[in-house]
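Undergrad: Next up is a structure, given as structure tokens.
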Amino acid sequence: MPAPLPAPEPRADAVRETARHPDQATARPSPLTWLGERWPRVRTWVFSALALGLAVVVGLALHGLLLHVRYADVMAAVQATPTLDIAFAILATAVSYLVLTGYDSSSLAYAGAKVKRRTVLLTSFVAYALSNTIGLGPLSGGAVRMRLYAAAGLEPGQIARVIVFNAAAFGLGMTVFGAIGLLWGAAEVAPLLRIPAVLMQAGAVVMLMTIAGFLFLCSRHRLLAFGPGERWTLRLPPLGLALRQLVISAVELTASAAALWFLLPDNHIPLPTFVAFYAVAIAAGIISHVPGGVGVFEAVMLLASGATVPSDAMLGALLLNRGIYYLLPLVIATGLLIVYELRSGVAAPVGRMAVHLSPRLMAALALVAGLWLIVSGVTPFTDDARELLATLRVPLPLIEASHFLGSVAGLGLLLVARGLLHQLDAAWWVALGLSIVAAVLALPKGIALNEAAFLSTLAILLVISRRQFDRRSSLFSQRLEPEWLLALGGLIAASVWVLFFAYQEVGYSNRLWWQFELDAQAPRSLRALMGVALMALAFGLWQLLRPPAGEVAQTSVEEIECAAAVVRANPSSDGCYALVGDKHLLFSPSGKSFIMFGKQGRSWVSLYGPLGEPREWPDLVWRFIEIAAEHGGRAAFYQVRPETLPLYLDCGLQAFKLGEHAHVTLPDFNLKGAKRANLRSGVNRGEREGLLFEVVEPQEVHLLLPALREVSDAWLGQQRTREKGFSVGRFDEAYLQRLPVAVVMRAGRVIAFANLLTTDAKDEASVDLMRYAPDAPPGTMDFLFAKVMLHLQAQGYQRFGLGMSPMAGMAERRRAPRWQRLGRLLFEYGERFYNFRGLHSFKDKFEPVWEARYLTSTGGLAPVFVLADVAALIGGGVKGVITK
């Protein structure tokens with residue numbers, strides 16, 4: 001077998017910059033056309049700018065609220081918090097997260113799914129620990145649920161219902177929670193909002209009556225129809241389930257509010273009144289979509305409690321609450337997944353999926369660590385730390401260097417967090433080095449023991465989870481999305497505000513930059529922040545000014561040769577479609593793996609997913625998605641196998657069943673049995689008609705090309721069709737000469753042929769083009785088909801692929817996902833558009849093994865657009881979809 005050729009270096013990413021000709025005359029587009037063409041590229045920037053604008057508004061609000069608050073007073077309030085109160089807050093946090101598992105239990109009951117209690121506890125805790133820290137609960141926590149519940153055997157539709165029920169239950173629970181709080185504490189909240197207390201209580205009563213009406217509907221109806229012609233339906237939960245969920249919501253929100261309330265000074269604000277404030281602040285944080293509600297939640301709580309709780313005490317309690325309710329569970333959740341990593345032989349599917357989730361949590365921890373280091377760099381150390389540093393006579397240059405380098409290490413952790421999320425090997429090494437260095441520097445920096453402990457924990461968790469970061473890719477090849485760059489800019493701006501807040505009593509002068517003393521903490525923080533800002537600016541400019549990836553390049557002969565070497569060593573025959581030359585190729589750095597894909601409109605569609613070395617597949621999938629995103633496109637993977645679904649779920653894509661693929665087990669194949677009577681009859685008739693079967697090796701195919709061309713042209717004319725593409729082969733002389741061709745001859749003339757998709761692994765084989773002359777006797781194709789399978793059986797092949805039967809095998813259950821219900825309708829009643837049932841019946845007569853095939857893409861309407869673009873790719877354009 002020939003050794004795999006190296007990937008062509010200039011075209012390894014299958015993209016290049018196309019030249020623009022300024023002298024080409026173009027018509028001036030309309031404003032709507034101009035915006036429509038550029039919207040996919042600027043959309044992310046627009047939404048990111050809106051988020052940044054919201055952050056600026058929140059920052060200005062915080063600045064106004066803390067105008068008379070001193071940093072020293074806040075730190076004093078933190079240190080004055082009794083240990084018993086902190087213990088109570090930790091206990092309330094534990095109760096809150098334990099009760100949160102009730103959300104998942106109710107969601108599973110609503111979806112009609114049964115999962116082991118242990119799996120529910122693990123999934124709920126990890127999902128909420130992640131979503132509470134980074135926000136976007138339905139996306140971040142939803143990704144965790146998708147992975148773990150899928151491993152537990154749930155269907156994608158069931159998991160989607162679990163995620164939606166979780167979000168809806170939280171919203172309804174908080175509505176009831178907030179309404180009751182307003183009824184109780186309207187007198188205290190009214191002056192703040194400048195709304196009469198009676199009006200607020202009336203609004204609370206209306207909300208409670210609305211919830212009561214919803215409960216009444218749950219008691220009478222299981223299915224609620226609405227919209228024009230009642231075209232939309234909503235399945236309501238049973239009354240008992242709805243009531244149980246409201247109780248769970250009330251207990252959970254009370255516990256989470258108590259976790260913060262315990263940290264406040266005694267006798268300042270009653271718990272019921274505080275609950276009303278807390279509900280409003282939580283709602284504002286969720287609506288803002290700011291990660292973790294940072295800033296928004298604090299601003300609302302400071303504003304709401306300003307008349308009853310001193311601002312410095314409230315801010316100190318909020319800082320402690322961030323560590324107890326958000327950071328501590330995130331560390332524990334990561335540790336739980338690491339325990340799965342350490343257990344020998346994690347054979348259970350849930351255990352394997354839990355281990356694969358650790359990169360998400362490690363990325364979140366790296367973000368927290370980076371933020372901690374930068375904020376620590378712009379704030380002064382305590383008086384106790386100053387006295388200890390002076391007593392130990394720590395050299396001033398070491399203090400200055402550790403302060404500066406610690407802040408720079410924080411920026412580095414923020415930048416590599418995305419690489420950890422993508423499981424990059426290089427990101428793991430950088431994060432490990434930075435966490436160890438920063439942990440050591442935390443001691444001379446200001447005896448920051450908590451900081452050193454957290455960074456050491458991060459380093460230990462990274463070491464334990466080493467096996468999950470196996471993607472061999474360069475950090476410099478990663479392009480950060482606009483939202484990452486804008487978030488980085490917002491973080492630097494927030495750090496500037498923290499710097500001025502911490503040193504508001506220090507007047508600025510140019511001499512501050514050159515003061516190097518133990519007590520010169522403001523100059524030290526100023527220099528550290530300047531270093532971080534300059535490095536972040538340099539990195540951002542480098543990202544923005546990098547040469548664009550360019551347009552998709554046509555596949556070269558060298559790339560096809562490289563792909564052919566990979567295909568020959570691959571057990572699957574799917575890769576043979578790369579040899580047609582009508583698809584683009586994206587190779588791994590080693591050249592041992594590739595993705596073949598087509599581009600139609602905004603859709604970048606990979607056919608069959610990655611092929612080659614399995615360990616290189618995650619990196620290829622991520623790179624393909626990133627390249628598509630850089631070009632404003634939507635990435636999708638067409639006809640992927642069930643065992644590869646975790647590759648795409650890790651990337652945030654969703655799975656949609658396309659149908660079922662049939663293959664025949666060749667060692668057991670024969671022509672006996674009633675279902676194979678047609679094949680047996682075709683073989684017998686063909687032999688009586690004097691038909692001869694022969695397999696022509698690739699190096700001899702060129703001798704038959706004129707005869708094959710004659711048969712192909714006659715077949716196309718008889719069928720009144722034209723050549724297809726993408727997932728269907730075409731008559732291309734170069735393509736046909738790369739693979740064996742089976743021919744049927746009569747009287748020395750070729751009357752039918754099929755090219756065989758085979759590999760040197762001799763595991764799976766299939767056919768692509770199957771064409772016959774108009775004067776071929778009846779049963780010729782049955783003769784050809786049977787002889788091909790018998791030939792491959794004699795050659796030692798294990799399976800013969802019959803291709804996919806679209807929309808076959810869709811669930812018939814009443815609770816099946818809408819996608820599968822639509823597919824079932826098409827299969828049953830769509831014969832006018834496509835021969836769904838006929839094709840399935842033809843393949844079923846071979847008594848094959850059926851295996852599901854999926855489309856993976858983003859949700860919403862994306863799969864519909866992708867399938868429309870796939871049809872255009874196969875038909876050679878939109879015209880080819882409409883006509884034959």
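A note on labels: chains of the structure tokens are A, B, ... as shown, every chain counts residues from 1, and ligands are counted from 1 in their shown order.
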Hey, what's within 12 Å of Val741 of chain A if we count only C-alpha atoms and toss same-chain stuff fewer than 2 positions away? As an NGL selection string, please?

TA: :A and (693-705 or 708 or 733 or 735-739 or 743-744 or 750 or 752-758 or 766-771 or 784 or 788 or 791)

Undergrad: Find the spatial neighbours of segment 358-371 of chain A, counting only C-alpha atoms, within a cut-off of 6 Å - ignore same-chain residues fewer than 3 positions away - and output them as a PyMOL selection string.

TA: chain A and resi 334+355+374+410-411+413-414+417+420-421

Undergrad: Can I get the selected residues back with C-alpha atoms, as an mmCIF file, in the first residue's frame?

TA:
```
data_model
loop_
_atom_site.group_PDB
_atom_site.id
_atom_site.type_symbol
_atom_site.label_atom_id
_atom_site.label_comp_id
_atom_site.auth_asym_id
_atom_site.auth_seq_id
_atom_site.Cartn_x
_atom_site.Cartn_y
_atom_site.Cartn_z
ATOM 1 C CA THR A 334 -14.754 20.314 37.711
ATOM 2 C CA VAL A 355 -15.089 13.166 31.246
ATOM 3 C CA ILE A 374 -6.014 41.177 36.484
ATOM 4 C CA GLY A 410 -3.993 36.768 33.873
ATOM 5 C CA LEU A 411 -4.300 38.166 30.363
ATOM 6 C CA LEU A 413 -5.164 32.793 30.803
ATOM 7 C CA LEU A 414 -8.031 34.789 29.316
ATOM 8 C CA ALA A 417 -9.355 29.828 27.683
ATOM 9 C CA LEU A 420 -8.949 24.992 26.341
ATOM 10 C CA LEU A 421 -12.577 24.969 25.255
#
```

Undergrad: Restricting the calculation to only C-alpha atoms: of A:Ile492, A:Ala569, A:Leu264, A:Ala628, which residue gets closest to Leu586 of chain A?

TA: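 Comparing A:Ile492, A:Ala569, A:Leu264, A:Ala628 against Leu586 of chain A, the winner is A:Ala628.
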
Undergrad: How many Å lie between atom CA of Leu319 of chain A and atom CA of Leu499 of chain A, rounded to one decimal?

TA: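 Here the two named atoms are 16.4 Å from each other.
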
Undergrad: Record the distance separating atom CA of Leu253 of chain A and atom CA of Ile269 of chain A, expressed in Å with one decimal.

TA: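 So the answer is 17.3 Å.
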
Undergrad: From the options A:Thr379, A:Ala317, A:Leu526, A:Ser107, which residue's atoms come nearest to Asn510 of chain A, counting only C-alpha atoms?

TA: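 With only C-alpha atoms as the atom set, the closest residue is A:Leu526.
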
Undergrad: Pick out the residues sitting within 8 Å of Pro571 of chain A, and hand them over as a list in words; count only C-alpha atoms, and ignore anything fewer than 2 positions along from it in its own chain.

TA: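 My list of contacting residues is Ala569, Ser573, Thr759, Asp760, Ala761, Lys762, Asp763 and Glu764 of chain A.
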
Undergrad: Report the residues of segment 449-691 of chain A whose backbone DSSP state falls under helix (DSSP H, G or I), written as a PyMOL selection string.

TA: chain A and resi 449-464+466-468+475-477+482-502+510-514+521-545+557-569+573-580+614-630+642-649+666-668+674-688

Undergrad: Compile the contact shell of Thr644 of chain A as a compact mmCIF listing (two decimals) with all heavy atoms, in the first residue's frame: residues with an atom at most 10 Å away, counting only C-alpha atoms, same-chain residues fewer than 2 positions apart removed.

TA:
```txt
# COMPACT_ATOMS: atom_id res chain seq x y z
N TYR A 608 -20.13 13.35 4.98
CA TYR A 608 -19.72 12.22 5.82
C TYR A 608 -18.83 12.62 6.99
O TYR A 608 -18.47 11.75 7.80
CB TYR A 608 -19.02 11.14 5.00
CG TYR A 608 -19.84 10.60 3.87
CD1 TYR A 608 -19.36 10.61 2.57
CD2 TYR A 608 -21.12 10.09 4.09
CE1 TYR A 608 -20.13 10.12 1.51
CE2 TYR A 608 -21.89 9.60 3.04
CZ TYR A 608 -21.39 9.63 1.76
OH TYR A 608 -22.15 9.14 0.72
N GLY A 609 -18.44 13.88 7.14
CA GLY A 609 -17.58 14.27 8.25
C GLY A 609 -16.12 13.93 7.98
O GLY A 609 -15.72 13.61 6.86
N PRO A 610 -15.26 13.99 9.02
CA PRO A 610 -13.83 13.74 8.82
C PRO A 610 -13.53 12.28 8.50
O PRO A 610 -14.22 11.37 8.97
CB PRO A 610 -13.21 14.16 10.16
CG PRO A 610 -14.31 14.00 11.15
CD PRO A 610 -15.58 14.31 10.42
N PRO A 614 -8.72 8.86 13.46
CA PRO A 614 -9.77 9.34 14.38
C PRO A 614 -9.27 10.37 15.39
O PRO A 614 -10.03 11.27 15.77
CB PRO A 614 -10.23 8.06 15.08
CG PRO A 614 -9.93 6.97 14.10
CD PRO A 614 -8.64 7.39 13.43
N TRP A 617 -9.75 13.92 14.23
CA TRP A 617 -11.09 14.37 13.82
C TRP A 617 -11.59 15.58 14.61
O TRP A 617 -12.13 16.51 14.00
CB TRP A 617 -12.08 13.22 13.94
CG TRP A 617 -11.85 12.14 12.93
CD1 TRP A 617 -10.91 12.13 11.93
CD2 TRP A 617 -12.56 10.91 12.80
NE1 TRP A 617 -10.98 10.97 11.20
CE2 TRP A 617 -11.99 10.19 11.71
CE3 TRP A 617 -13.60 10.33 13.50
CZ2 TRP A 617 -12.45 8.94 11.32
CZ3 TRP A 617 -14.06 9.08 13.11
CH2 TRP A 617 -13.50 8.40 12.02
N PRO A 618 -11.47 15.63 15.96
CA PRO A 618 -11.98 16.81 16.67
C PRO A 618 -11.38 18.12 16.17
O PRO A 618 -12.08 19.12 16.00
CB PRO A 618 -11.61 16.53 18.13
CG PRO A 618 -11.51 15.03 18.21
CD PRO A 618 -10.95 14.61 16.90
N VAL A 640 -23.76 11.89 8.59
CA VAL A 640 -22.75 11.42 9.54
C VAL A 640 -23.30 10.23 10.31
O VAL A 640 -24.51 10.06 10.47
CB VAL A 640 -22.34 12.54 10.51
CG1 VAL A 640 -21.70 13.68 9.75
CG2 VAL A 640 -23.52 13.05 11.33
N ARG A 641 -22.41 9.40 10.81
CA ARG A 641 -22.78 8.17 11.49
C ARG A 641 -23.08 8.43 12.96
O ARG A 641 -22.55 9.38 13.54
CB ARG A 641 -21.66 7.14 11.35
CG ARG A 641 -21.34 6.80 9.89
CD ARG A 641 -20.16 5.85 9.79
NE ARG A 641 -19.80 5.62 8.40
CZ ARG A 641 -19.81 4.44 7.79
NH1 ARG A 641 -20.18 3.36 8.47
NH2 ARG A 641 -19.46 4.32 6.53
N PRO A 642 -23.87 7.57 13.61
CA PRO A 642 -24.24 7.80 15.02
C PRO A 642 -23.04 7.86 15.96
O PRO A 642 -23.02 8.66 16.89
CB PRO A 642 -25.14 6.60 15.35
CG PRO A 642 -25.66 6.13 14.03
CD PRO A 642 -24.57 6.41 13.04
N PRO A 646 -20.86 12.71 19.02
CA PRO A 646 -20.21 13.55 20.05
C PRO A 646 -19.24 14.59 19.49
O PRO A 646 -19.06 15.64 20.10
CB PRO A 646 -19.48 12.51 20.91
CG PRO A 646 -20.29 11.27 20.77
CD PRO A 646 -20.77 11.28 19.35
N LEU A 647 -18.63 14.31 18.34
CA LEU A 647 -17.73 15.31 17.73
C LEU A 647 -18.47 16.62 17.48
O LEU A 647 -17.92 17.71 17.71
CB LEU A 647 -17.19 14.78 16.39
CG LEU A 647 -16.17 13.65 16.41
CD1 LEU A 647 -15.92 13.18 14.98
CD2 LEU A 647 -14.88 14.12 17.04
N TYR A 648 -19.69 16.51 17.01
CA TYR A 648 -20.44 17.71 16.62
C TYR A 648 -21.20 18.31 17.80
O TYR A 648 -21.34 19.53 17.88
CB TYR A 648 -21.40 17.33 15.49
CG TYR A 648 -20.73 16.49 14.43
CD1 TYR A 648 -21.03 15.14 14.27
CD2 TYR A 648 -19.74 17.03 13.61
CE1 TYR A 648 -20.38 14.35 13.33
CE2 TYR A 648 -19.10 16.25 12.65
CZ TYR A 648 -19.42 14.91 12.53
OH TYR A 648 -18.77 14.15 11.60
N LEU A 649 -21.65 17.47 18.72
CA LEU A 649 -22.32 18.00 19.91
C LEU A 649 -21.35 18.83 20.74
O LEU A 649 -21.73 19.82 21.36
CB LEU A 649 -22.90 16.86 20.74
CG LEU A 649 -23.99 16.01 20.07
CD1 LEU A 649 -24.44 14.89 21.01
CD2 LEU A 649 -25.17 16.87 19.68
N TYR A 854 -27.34 11.15 10.05
CA TYR A 854 -27.77 12.42 10.62
C TYR A 854 -27.18 13.61 9.86
O TYR A 854 -26.13 13.51 9.21
CB TYR A 854 -27.33 12.52 12.09
CG TYR A 854 -28.00 11.52 12.99
CD1 TYR A 854 -27.44 10.27 13.21
CD2 TYR A 854 -29.20 11.83 13.63
CE1 TYR A 854 -28.05 9.34 14.04
CE2 TYR A 854 -29.82 10.92 14.47
CZ TYR A 854 -29.24 9.67 14.68
OH TYR A 854 -29.84 8.76 15.49
```
